[in-house]
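Asker: To be precise about what I am sending: the file is called start.cif and holds mmCIF, C-alpha atoms and all ligand atoms.
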data_model
#
loop_
_atom_site.label_atom_id
_atom_site.label_comp_id
_atom_site.auth_asym_id
_atom_site.auth_seq_id
_atom_site.Cartn_x
_atom_site.Cartn_y
_atom_site.Cartn_z
CA MET A 1 -5.36 -14.89 -2.95
CA GLU A 2 -5.18 -12.96 -6.21
CA HIS A 3 -2.00 -11.19 -7.30
CA VAL A 4 -0.80 -8.25 -9.34
CA GLU A 5 2.09 -9.23 -11.58
CA VAL A 6 4.31 -6.29 -12.47
CA GLY A 7 7.97 -5.93 -13.40
CA GLY A 8 8.80 -9.45 -12.26
CA ALA A 9 7.01 -9.04 -8.91
CA ARG A 10 3.98 -11.06 -7.85
CA ILE A 11 2.20 -8.97 -5.24
CA PRO A 12 -0.75 -10.36 -3.25
CA LYS A 13 -3.72 -8.08 -3.95
CA LEU A 14 -4.59 -7.76 -0.28
CA GLY A 15 -2.01 -7.04 2.39
CA LEU A 16 -1.93 -6.07 6.03
CA GLY A 17 -1.18 -2.44 6.95
CA THR A 18 0.60 -1.96 10.26
CA TRP A 19 0.86 1.80 10.76
CA GLN A 20 -0.03 2.75 14.36
CA ASN A 21 0.15 -0.88 15.44
CA THR A 22 3.11 -1.08 17.80
CA GLY A 23 4.11 -3.07 20.85
CA PRO A 24 3.34 -6.73 21.56
CA GLY A 25 -0.08 -6.35 19.95
CA CYS A 26 1.58 -5.79 16.59
CA ALA A 27 3.42 -9.12 16.66
CA GLU A 28 0.18 -10.85 17.61
CA THR A 29 -1.73 -9.14 14.77
CA VAL A 30 0.90 -10.14 12.21
CA ARG A 31 0.98 -13.73 13.42
CA THR A 32 -2.82 -13.98 13.40
CA ALA A 33 -3.04 -12.42 9.93
CA LEU A 34 -0.51 -14.85 8.48
CA ASP A 35 -2.27 -17.78 10.13
CA LEU A 36 -5.56 -16.56 8.60
CA GLY A 37 -4.04 -16.52 5.11
CA TYR A 38 -2.57 -13.03 4.62
CA ARG A 39 0.64 -13.25 2.58
CA HIS A 40 1.53 -9.58 2.29
CA ILE A 41 2.64 -7.35 5.16
CA ASP A 42 3.35 -3.63 4.95
CA THR A 43 5.59 -1.80 7.41
CA ALA A 44 8.03 1.12 7.35
CA GLN A 45 11.03 2.47 9.19
CA ALA A 46 8.81 5.30 10.40
CA TYR A 47 6.19 2.99 11.97
CA ASP A 48 8.53 2.00 14.78
CA ASN A 49 7.25 -1.57 14.61
CA GLU A 50 9.63 -3.45 12.30
CA SER A 51 10.94 -5.63 15.13
CA LYS A 52 7.38 -6.54 16.19
CA VAL A 53 6.42 -7.28 12.59
CA GLY A 54 9.48 -9.55 12.44
CA GLU A 55 8.41 -11.28 15.64
CA GLY A 56 4.96 -11.94 14.22
CA LEU A 57 6.47 -13.26 11.01
CA ALA A 58 8.76 -15.60 12.92
CA ALA A 59 5.93 -16.84 15.14
CA ALA A 60 3.54 -17.65 12.28
CA ASP A 61 3.36 -21.07 10.72
CA VAL A 62 4.35 -19.75 7.29
CA ASP A 63 7.57 -20.00 5.30
CA ARG A 64 9.39 -16.71 4.81
CA GLU A 65 9.45 -17.11 1.02
CA ASP A 66 5.65 -17.34 0.94
CA VAL A 67 5.24 -13.86 2.44
CA PHE A 68 5.53 -10.61 0.50
CA LEU A 69 7.15 -8.20 2.96
CA THR A 70 7.39 -4.47 2.30
CA THR A 71 9.21 -1.79 4.22
CA LYS A 72 9.91 1.86 3.41
CA VAL A 73 12.91 4.13 3.69
CA TRP A 74 12.02 7.25 5.64
CA ARG A 75 12.56 10.73 4.20
CA SER A 76 15.60 11.49 6.34
CA ASN A 77 17.37 8.39 4.98
CA LEU A 78 17.20 9.05 1.24
CA ARG A 79 20.87 9.94 0.68
CA ARG A 80 22.88 7.02 -0.74
CA GLU A 81 24.78 6.06 2.44
CA ASP A 82 21.64 6.48 4.55
CA VAL A 83 19.63 4.20 2.25
CA LEU A 84 22.31 1.50 2.44
CA ARG A 85 22.66 1.77 6.23
CA SER A 86 19.00 2.18 7.15
CA ALA A 87 17.80 -0.66 4.92
CA ARG A 88 20.28 -3.00 6.62
CA GLU A 89 18.99 -1.78 9.98
CA SER A 90 15.44 -2.54 8.81
CA LEU A 91 16.46 -6.09 7.89
CA ASP A 92 18.07 -6.50 11.31
CA ARG A 93 14.94 -5.28 13.08
CA LEU A 94 12.70 -7.45 10.91
CA ASP A 95 15.14 -10.33 11.42
CA VAL A 96 14.95 -11.32 7.77
CA GLU A 97 17.60 -11.75 5.08
CA TYR A 98 15.69 -9.74 2.48
CA VAL A 99 12.54 -7.73 1.97
CA ASP A 100 10.39 -8.35 -1.08
CA LEU A 101 9.79 -4.66 -1.67
CA LEU A 102 11.63 -1.55 -0.52
CA LEU A 103 9.82 1.75 -1.06
CA VAL A 104 10.85 5.38 -0.91
CA HIS A 105 8.31 6.49 1.71
CA TRP A 106 7.93 10.10 0.53
CA PRO A 107 9.61 12.06 -2.25
CA HIS A 108 12.20 14.56 -1.07
CA PRO A 109 12.56 17.97 -2.71
CA ARG A 110 16.32 18.15 -2.23
CA VAL A 111 17.51 14.55 -2.62
CA PRO A 112 17.61 13.52 -6.28
CA ILE A 113 15.52 10.40 -6.81
CA GLU A 114 18.34 9.03 -8.96
CA GLU A 115 20.63 8.89 -5.91
CA THR A 116 18.05 7.07 -3.76
CA VAL A 117 17.00 4.63 -6.45
CA GLY A 118 20.66 3.95 -7.33
CA ALA A 119 21.35 2.89 -3.73
CA MET A 120 18.20 0.76 -3.67
CA THR A 121 19.33 -0.94 -6.88
CA ASP A 122 22.65 -1.78 -5.22
CA LEU A 123 20.73 -3.39 -2.35
CA GLN A 124 18.90 -5.45 -4.96
CA SER A 125 22.21 -6.58 -6.44
CA GLU A 126 23.29 -7.72 -2.99
CA GLY A 127 20.10 -9.77 -2.62
CA LEU A 128 18.87 -7.74 0.36
CA VAL A 129 15.90 -6.33 -1.54
CA THR A 130 13.96 -8.15 -4.26
CA HIS A 131 11.94 -5.27 -5.78
CA ILE A 132 11.92 -1.51 -5.41
CA GLY A 133 9.18 1.09 -5.57
CA VAL A 134 7.95 4.44 -4.32
CA SER A 135 5.20 5.88 -2.17
CA ASN A 136 3.32 9.18 -2.23
CA PHE A 137 4.74 9.93 -5.69
CA THR A 138 2.65 11.93 -8.13
CA ARG A 139 2.43 10.81 -11.72
CA SER A 140 5.30 13.07 -12.79
CA GLN A 141 7.46 12.00 -9.85
CA LEU A 142 6.75 8.35 -10.68
CA ARG A 143 7.63 8.97 -14.32
CA GLU A 144 10.97 10.43 -13.23
CA ALA A 145 11.66 7.49 -10.88
CA ILE A 146 10.98 5.07 -13.74
CA ARG A 147 13.24 7.08 -16.06
CA VAL A 148 16.25 7.04 -13.73
CA SER A 149 15.90 3.47 -12.48
CA GLU A 150 17.94 0.69 -14.07
CA GLY A 151 15.27 -1.86 -13.22
CA PRO A 152 11.48 -1.80 -12.75
CA ILE A 153 9.76 0.43 -10.22
CA VAL A 154 7.07 -2.07 -9.31
CA ALA A 155 4.75 -0.02 -7.08
CA ASP A 156 3.57 3.42 -6.09
CA GLN A 157 1.83 3.26 -2.71
CA VAL A 158 -0.65 6.13 -2.39
CA LEU A 159 -3.84 7.17 -0.64
CA TYR A 160 -6.70 5.49 -2.46
CA HIS A 161 -10.22 4.59 -1.34
CA PRO A 162 -13.80 5.11 -2.59
CA LEU A 163 -13.78 8.76 -1.53
CA LYS A 164 -10.46 9.57 -3.16
CA ASP A 165 -9.89 9.69 -6.90
CA GLN A 166 -6.70 8.23 -8.33
CA SER A 167 -7.89 7.57 -11.89
CA ASP A 168 -5.06 9.46 -13.60
CA LEU A 169 -2.33 7.83 -11.55
CA ARG A 170 -3.92 4.41 -11.96
CA ALA A 171 -4.09 4.78 -15.74
CA PHE A 172 -0.41 5.73 -15.73
CA CYS A 173 0.40 2.69 -13.55
CA VAL A 174 -1.45 0.34 -15.89
CA GLU A 175 0.36 1.80 -18.92
CA ASN A 176 3.74 1.50 -17.23
CA ASP A 177 3.34 -1.86 -15.49
CA VAL A 178 3.40 -0.47 -11.96
CA ALA A 179 1.15 -1.63 -9.11
CA LEU A 180 -0.90 1.06 -7.42
CA THR A 181 -0.96 0.06 -3.75
CA ALA A 182 -3.91 1.68 -2.01
CA TYR A 183 -3.08 2.86 1.48
CA SER A 184 -5.78 3.88 3.94
CA PRO A 185 -8.17 1.84 1.73
CA LEU A 186 -10.90 2.17 4.37
CA ALA A 187 -10.29 5.93 4.53
CA HIS A 188 -8.95 5.32 8.03
CA GLY A 189 -12.36 3.94 9.00
CA ALA A 190 -14.50 6.58 7.26
CA VAL A 191 -15.99 4.18 4.70
CA ILE A 192 -17.40 1.88 7.36
CA ASP A 193 -20.59 3.93 7.76
CA ASP A 194 -21.03 4.72 4.09
CA GLU A 195 -24.66 4.02 3.23
CA ARG A 196 -24.16 3.46 -0.47
CA LEU A 197 -21.39 0.92 0.12
CA ALA A 198 -23.52 -0.80 2.78
CA GLU A 199 -26.49 -0.96 0.40
CA ILE A 200 -24.37 -2.59 -2.32
CA GLY A 201 -22.91 -4.95 0.28
CA ASP A 202 -26.38 -6.07 1.38
CA ARG A 203 -26.82 -7.76 -2.00
CA TYR A 204 -23.81 -9.95 -1.37
CA GLY A 205 -23.99 -10.34 2.40
CA LYS A 206 -20.92 -8.11 2.73
CA THR A 207 -20.13 -5.03 4.84
CA ALA A 208 -19.33 -1.53 3.56
CA ALA A 209 -15.66 -2.17 4.41
CA GLN A 210 -15.66 -5.31 2.29
CA VAL A 211 -17.29 -3.49 -0.63
CA ALA A 212 -14.65 -0.74 -0.42
CA LEU A 213 -11.86 -3.33 -0.47
CA ARG A 214 -13.51 -5.34 -3.26
CA TRP A 215 -13.87 -2.16 -5.32
CA LEU A 216 -10.13 -1.59 -5.00
CA VAL A 217 -8.83 -5.12 -5.62
CA GLN A 218 -11.20 -5.56 -8.57
CA GLN A 219 -9.36 -2.79 -10.41
CA GLU A 220 -6.47 -3.75 -12.66
CA HIS A 221 -3.04 -3.20 -11.03
CA VAL A 222 -4.55 -2.17 -7.66
CA VAL A 223 -3.44 -3.71 -4.36
CA ALA A 224 -5.04 -2.79 -1.00
CA ILE A 225 -3.36 -2.86 2.41
CA PRO A 226 -6.04 -2.28 5.09
CA LYS A 227 -4.81 -1.99 8.64
CA ALA A 228 -6.69 -4.14 11.14
CA THR A 229 -5.76 -5.12 14.65
CA GLY A 230 -8.04 -7.88 15.88
CA ARG A 231 -9.06 -11.19 14.35
CA ASP A 232 -12.60 -10.03 13.40
CA HIS A 233 -11.45 -7.16 11.19
CA LEU A 234 -8.57 -9.23 9.81
CA GLU A 235 -10.97 -11.98 8.76
CA GLU A 236 -13.54 -9.58 7.38
CA ASN A 237 -11.02 -7.72 5.24
CA LEU A 238 -9.56 -10.88 3.76
CA ASP A 239 -12.98 -12.18 2.80
CA VAL A 240 -13.40 -10.17 -0.41
CA PHE A 241 -12.41 -12.69 -3.06
CA ASP A 242 -15.63 -14.69 -3.25
CA PHE A 243 -17.81 -12.07 -4.91
CA SER A 244 -17.57 -9.52 -7.73
CA LEU A 245 -19.10 -6.11 -8.13
CA THR A 246 -20.90 -5.48 -11.39
CA ASP A 247 -19.56 -2.86 -13.79
CA ALA A 248 -22.50 -0.64 -12.79
CA GLU A 249 -21.65 -1.00 -9.08
CA MET A 250 -17.96 -0.30 -9.74
CA GLN A 251 -18.97 2.84 -11.62
CA ARG A 252 -21.51 3.90 -9.01
CA ILE A 253 -18.85 3.79 -6.29
CA HIS A 254 -16.46 5.66 -8.52
CA ASP A 255 -19.07 8.28 -9.35
CA ARG A 256 -20.04 8.99 -5.80
CA ASN A 257 -17.05 11.27 -5.64
CA PRO A 258 -18.00 14.03 -8.07
CA GLY A 259 -15.26 14.39 -10.65
CA LEU A 260 -14.95 18.13 -10.54
CA GLU A 261 -14.68 18.27 -6.77
CA ARG A 262 -12.09 15.52 -6.82
CA ARG A 263 -10.00 17.19 -9.45
CA LEU A 264 -10.13 20.54 -7.71
CA ARG A 265 -9.15 18.99 -4.42
CA ASN A 266 -6.29 17.15 -6.05
CA LEU A 267 -4.93 20.46 -7.26
CA VAL A 268 -4.68 21.79 -3.70
CA PRO A 269 -1.12 21.39 -2.36
CA SER A 270 -0.94 18.25 -0.24
CA ILE A 271 0.03 20.21 2.87
CA MET A 272 -3.41 21.85 2.75
CA ARG A 273 -5.24 18.58 2.14
CA ARG A 274 -5.37 17.51 5.77
CA VAL A 275 -9.15 17.09 5.81
CA PRO A 276 -9.93 13.41 5.18
CA ILE A 277 -11.52 12.86 1.78
P1 LIG A 301 -7.20 2.03 6.92
O1 LIG A 301 -6.65 0.70 6.62
O2 LIG A 301 -7.96 2.75 5.87
O3 LIG A 301 -8.14 1.98 8.21
C1 LIG A 301 -7.70 1.41 9.41
C2 LIG A 301 -8.82 1.62 10.43
O4 LIG A 301 -9.98 0.88 10.03
C3 LIG A 301 -8.43 1.11 11.81
O5 LIG A 301 -8.99 1.98 12.75
C4 LIG A 301 -9.09 -0.27 11.87
O6 LIG A 301 -9.45 -0.63 13.18
C5 LIG A 301 -10.35 -0.03 11.06
N1 LIG A 301 -10.82 -1.24 10.42
C6 LIG A 301 -10.08 -2.16 9.75
N2 LIG A 301 -10.88 -3.12 9.24
C7 LIG A 301 -12.15 -2.81 9.61
C8 LIG A 301 -13.39 -3.42 9.41
N3 LIG A 301 -13.50 -4.53 8.68
N4 LIG A 301 -14.50 -2.83 9.93
C9 LIG A 301 -14.41 -1.70 10.64
N5 LIG A 301 -13.23 -1.06 10.88
C10 LIG A 301 -12.11 -1.62 10.36
O7 LIG A 301 -6.06 3.05 7.44
P2 LIG A 301 -4.48 3.16 7.49
O8 LIG A 301 -3.92 2.41 8.63
O9 LIG A 301 -4.21 4.60 7.39
O10 LIG A 301 -3.95 2.52 6.12
C11 LIG A 301 -3.62 1.17 5.96
C12 LIG A 301 -2.14 0.96 5.83
O11 LIG A 301 -1.60 1.71 4.74
C13 LIG A 301 -1.31 1.48 7.02
O12 LIG A 301 -1.44 0.66 8.15
C14 LIG A 301 0.06 1.49 6.42
O13 LIG A 301 0.61 0.18 6.37
C15 LIG A 301 -0.25 2.04 5.03
N6 LIG A 301 -0.09 3.51 4.95
C16 LIG A 301 0.93 4.01 4.20
C17 LIG A 301 1.13 5.37 4.11
C18 LIG A 301 2.26 5.89 3.27
O14 LIG A 301 2.61 7.07 3.40
N7 LIG A 301 2.84 5.07 2.43
C19 LIG A 301 0.28 6.27 4.77
C20 LIG A 301 -0.78 5.74 5.52
C21 LIG A 301 -0.95 4.37 5.59
P3 LIG A 301 -8.68 -1.76 14.01
O15 LIG A 301 -7.22 -1.41 13.98
O16 LIG A 301 -9.31 -1.67 15.36
O17 LIG A 301 -8.95 -3.08 13.35
#
Can you dump the structure from the file as structure tokens?
Answerer:
Amino acid sequence: MEHVEVGGARIPKLGLGTWQNTGPGCAETVRTALDLGYRHIDTAQAYDNESKVGEGLAAADVDREDVFLTTKVWRSNLRREDVLRSARESLDRLDVEYVDLLLVHWPHPRVPIEETVGAMTDLQSEGLVTHIGVSNFTRSQLREAIRVSEGPIVADQVLYHPLKDQSDLRAFCVENDVALTAYSPLAHGAVIDDERLAEIGDRYGKTAAQVALRWLVQQEHVVAIPKATGRDHLEENLDVFDFSLTDAEMQRIHDRNPGLERRLRNLVPSIMRRVPI
């Protein structure tokens, strides 16, 4: 497994997403993933599966300290006391003594980021959280989080896949030593049938999904957290570290999303951007 090293954190470049994976199946997925070699698991208070993720972690034949575990504080818990309480509740549900990374799940227009990050820093001092970061933060929101934080903001977890441009944010992350964690890296399944990705994959004996993931993890500071449920998808998604895309292929995938269209779409308020891109 390759890693991104930022702000003292060593984050496995490929992790397991667990959104919409709940119930006993979630514990089984997490256990299987860890047994297959995954060492990075992503959950959140809002996913309603922290206890099942914890069960999977406990059942796997892997030491806790070898797994990079992320959870996220939900938007209604961003006030200081709520951060402190809800993070402890997350640890209880996960049945762990610490999480490797605690993220602010979404920015909040009325809760100052300084208050939230201050509480998260206190959790770090107590040893309950190793690193802190954010999610769904724009470049300017990330800049502000970095400015008010005593310690490093190690990640911004955002929507990123071959049909979604994040060049500006990624450049900012590289400059500021922040990992860009790509969520929905398979565009929620939409990249699977992409002909251009499949054509590139044919050269390497890889699927379109694997090319999409390779394209992400081959970029500096980028981590990808595909969600998969069964063993076949889990195995397929992990198997992206034995080939490299050429510079021309990297660029071709990047270019398939015309720059102007991307930039215009990125200007549309997020509430109106419900159509998958
Ligand atoms: P995704 O990973 O882009 O796509 C998941 C879908 O792709 C599932 O339907 C999965 O099916 C399918 N799939 C996985 N591997 C495949 C393969 N090799 N071939 C064909 N299909 C495959 O979508 P996502 O769940 O939205 O994003 C991933 C993770 O990012 C989430 O689980 C969550 O941890 C995180 N996330 C974070 C935020 C945030 O606000 N921070 C928002 C969204 C997501 P199966 O389940 O049947 O395998």
Asker: Env of segment 222-236 of chain A: 6 Å cut, atoms = only C-alpha atoms, seq-sep filter 5 positions within chain, self excluded. Answer as a tab-separated table (two decimals) with C-alpha atoms, in the coordinates of the input.
Answerer:
chain	number	residue	atom	x	y	z
A	13	LYS	CA	-3.72	-8.08	-3.95
A	14	LEU	CA	-4.59	-7.76	-0.28
A	15	GLY	CA	-2.01	-7.04	2.39
A	16	LEU	CA	-1.93	-6.07	6.03
A	17	GLY	CA	-1.18	-2.44	6.95
A	18	THR	CA	0.60	-1.96	10.26
A	29	THR	CA	-1.73	-9.14	14.77
A	179	ALA	CA	1.15	-1.63	-9.11
A	180	LEU	CA	-0.90	1.06	-7.42
A	181	THR	CA	-0.96	0.06	-3.75
A	182	ALA	CA	-3.91	1.68	-2.01
A	183	TYR	CA	-3.08	2.86	1.48
A	185	PRO	CA	-8.17	1.84	1.73
A	217	VAL	CA	-8.83	-5.12	-5.62
Asker: Nearest residue to ligand LIG 301 (chain A) out of A:Asp239, A:Glu175, A:Asp165, A:Glu126, using all atoms listed in the file?
Answerer: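 Looking at the shortest contact to ligand LIG 301 (chain A), the residue is A:Asp239.
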Asker: Between A:Gln251, A:Thr43, A:Thr116, A:Asn77, which residue has the minimum interatomic distance to ligand LIG 301 (chain A), considering only C-alpha atoms and all ligand atoms?
Answerer: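 Residue with the minimum atom-to-atom distance to ligand LIG 301 (chain A): A:Thr43.
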Asker: Give the answer as one residue: which of A:Ala27, A:Leu102, A:Val191, A:Val4 has the shortest atom-to-atom distance to ligand LIG 301 (chain A), using only C-alpha atoms and all ligand atoms?
Answerer: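 Closest residue, counting only C-alpha atoms and all ligand atoms: A:Val191.
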Asker: My list of candidates is A:Val211, A:Trp19, A:Asp194, A:Asp66. Which is closest to Gly37 of chain A when distances are computed with only C-alpha atoms?
Answerer: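 For Gly37 of chain A, the nearest of the given residues is A:Asp66.
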Asker: Do you have the atom CA of Glu55 of chain A-atom O13 of ligand LIG 301 (chain A) distance handy?
Answerer: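 Result for atom CA of Glu55 of chain A versus atom O13 of ligand LIG 301 (chain A): 16.7 Å, one decimal.
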Asker: From the set A:Leu94, A:Leu101, A:Ile11, A:Ile200, which residue has the shortest atom-to-atom contact distance to Ala248 of chain A, counting all atoms listed in the file?
Answerer: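 Distance minimum relative to Ala248 of chain A lands on A:Ile200.
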Asker: Looking at only C-alpha atoms, which of A:Asp177, A:Asp242, A:Asp100, A:Glu195 is the one that sits closest to Gln218 of chain A?
Answerer: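 Of A:Asp177, A:Asp242, A:Asp100, A:Glu195, the one nearest Gln218 of chain A, counting only C-alpha atoms, is A:Asp242.
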Asker: Work out how far apart atom CA of Phe68 of chain A and atom CA of His40 of chain A are and give it in Å to one decimal.
Answerer: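 Between these atoms lies a distance of 4.5 Å.
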Asker: Applying 12 Å and only C-alpha atoms, which residues near Met250 of chain A remain after dropping the ones on its own chain fewer than 5 positions away? List them as a ChimeraX atom specification.
Answerer: /A:162,196-197,200,211-219,244-245,255-256
Asker: Can you tell me, as number ranges by chain, what residues are no more than 6 Å from segment 128-130 of chain A when counting only C-alpha atoms, ignoring any on the same chain fewer than 3 positions away?
Answerer: A: 98-100, 123-124
Asker: If you keep C-alpha atoms, can you produce a file of those selected residues as a JSON list (two decimals), in the coordinates of the input?
Answerer:
[["chain", "number", "residue", "atom", "x", "y", "z"],
["A", 98, "TYR", "CA", 15.69, -9.74, 2.48],
["A", 99, "VAL", "CA", 12.54, -7.73, 1.97],
["A", 100, "ASP", "CA", 10.39, -8.35, -1.08],
["A", 123, "LEU", "CA", 20.73, -3.39, -2.35],
["A", 124, "GLN", "CA", 18.90, -5.45, -4.96]]
Asker: How many Å lie between atom C14 of ligand LIG 301 (chain A) and atom CA of Asp42 of chain A, rounded to one decimal?
Answerer: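 Atom C14 of ligand LIG 301 (chain A) sits 6.3 Å away from atom CA of Asp42 of chain A.
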Asker: For ligand LIG 301 (chain A), take all atoms listed in the file, fit an axis-aligned box around them, add 5 Å to each of the six sides, then output centre and edge lengths in Å rounded to one decimal, as lines of an AutoDock Vina configuration file.
Answerer:
center_x = -5.8
center_y = 1.3
center_z = 8.9
size_x = 27.3
size_y = 21.6
size_z = 22.9
Asker: Counting only C-alpha atoms, which residues sit no farther than 12 Å from the position (21.3, -0.5, 6.1) in the file's frame? I'd like them as JSON, numbers by chain.
Answerer: {"A": [45, 72, 73, 77, 78, 79, 80, 81, 82, 83, 84, 85, 86, 87, 88, 89, 90, 91, 92, 93, 97, 98, 102, 119, 120, 122, 123, 126, 128, 129]}
Asker: Could you write out the selected residues, including C-alpha atoms, as a PDB file, in the frame of the given file?
Answerer:
ATOM      1  CA  GLN A  45      11.030   2.470   9.190  1.00  0.00           C
ATOM      2  CA  LYS A  72       9.910   1.860   3.410  1.00  0.00           C
ATOM      3  CA  VAL A  73      12.910   4.130   3.690  1.00  0.00           C
ATOM      4  CA  ASN A  77      17.370   8.390   4.980  1.00  0.00           C
ATOM      5  CA  LEU A  78      17.200   9.050   1.240  1.00  0.00           C
ATOM      6  CA  ARG A  79      20.870   9.940   0.680  1.00  0.00           C
ATOM      7  CA  ARG A  80      22.880   7.020  -0.740  1.00  0.00           C
ATOM      8  CA  GLU A  81      24.780   6.060   2.440  1.00  0.00           C
ATOM      9  CA  ASP A  82      21.640   6.480   4.550  1.00  0.00           C
ATOM     10  CA  VAL A  83      19.630   4.200   2.250  1.00  0.00           C
ATOM     11  CA  LEU A  84      22.310   1.500   2.440  1.00  0.00           C
ATOM     12  CA  ARG A  85      22.660   1.770   6.230  1.00  0.00           C
ATOM     13  CA  SER A  86      19.000   2.180   7.150  1.00  0.00           C
ATOM     14  CA  ALA A  87      17.800  -0.660   4.920  1.00  0.00           C
ATOM     15  CA  ARG A  88      20.280  -3.000   6.620  1.00  0.00           C
ATOM     16  CA  GLU A  89      18.990  -1.780   9.980  1.00  0.00           C
ATOM     17  CA  SER A  90      15.440  -2.540   8.810  1.00  0.00           C
ATOM     18  CA  LEU A  91      16.460  -6.090   7.890  1.00  0.00           C
ATOM     19  CA  ASP A  92      18.070  -6.500  11.310  1.00  0.00           C
ATOM     20  CA  ARG A  93      14.940  -5.280  13.080  1.00  0.00           C
ATOM     21  CA  GLU A  97      17.600 -11.750   5.080  1.00  0.00           C
ATOM     22  CA  TYR A  98      15.690  -9.740   2.480  1.00  0.00           C
ATOM     23  CA  LEU A 102      11.630  -1.550  -0.520  1.00  0.00           C
ATOM     24  CA  ALA A 119      21.350   2.890  -3.730  1.00  0.00           C
ATOM     25  CA  MET A 120      18.200   0.760  -3.670  1.00  0.00           C
ATOM     26  CA  ASP A 122      22.650  -1.780  -5.220  1.00  0.00           C
ATOM     27  CA  LEU A 123      20.730  -3.390  -2.350  1.00  0.00           C
ATOM     28  CA  GLU A 126      23.290  -7.720  -2.990  1.00  0.00           C
ATOM     29  CA  LEU A 128      18.870  -7.740   0.360  1.00  0.00           C
ATOM     30  CA  VAL A 129      15.900  -6.330  -1.540  1.00  0.00           C
TER      31      VAL A 129
END
Asker: Identify, on the basis of only C-alpha atoms, every residue whose closest approach to Val117 of chain A does not exceed 8 Å; exclude the query and any residue fewer than 3 positions from it along the same chain; express the result as a list in words.
Answerer: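 The neighbour list is Ile113, Glu114, Met120, Thr121, Ala145, Val148 and Ser149 of chain A.
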Asker: Do you know which residues are at most 6 Å from Val154 of chain A counting all atoms listed in the file, after dropping those on the same chain fewer than 2 positions away, and could you put them as a list in words?
Answerer: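 My list of contacting residues is Val6, Gly7, Gly133, Pro152, Val178 and Ala179 of chain A.
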Asker: May I have the residues from that selection written out with C-alpha atoms, as a PDB file, keeping the file's coordinate frame?
Answerer:
ATOM      1  CA  VAL A   6       4.310  -6.290 -12.470  1.00  0.00           C
ATOM      2  CA  GLY A   7       7.970  -5.930 -13.400  1.00  0.00           C
ATOM      3  CA  GLY A 133       9.180   1.090  -5.570  1.00  0.00           C
ATOM      4  CA  PRO A 152      11.480  -1.800 -12.750  1.00  0.00           C
ATOM      5  CA  VAL A 178       3.400  -0.470 -11.960  1.00  0.00           C
ATOM      6  CA  ALA A 179       1.150  -1.630  -9.110  1.00  0.00           C
TER       7      ALA A 179
END
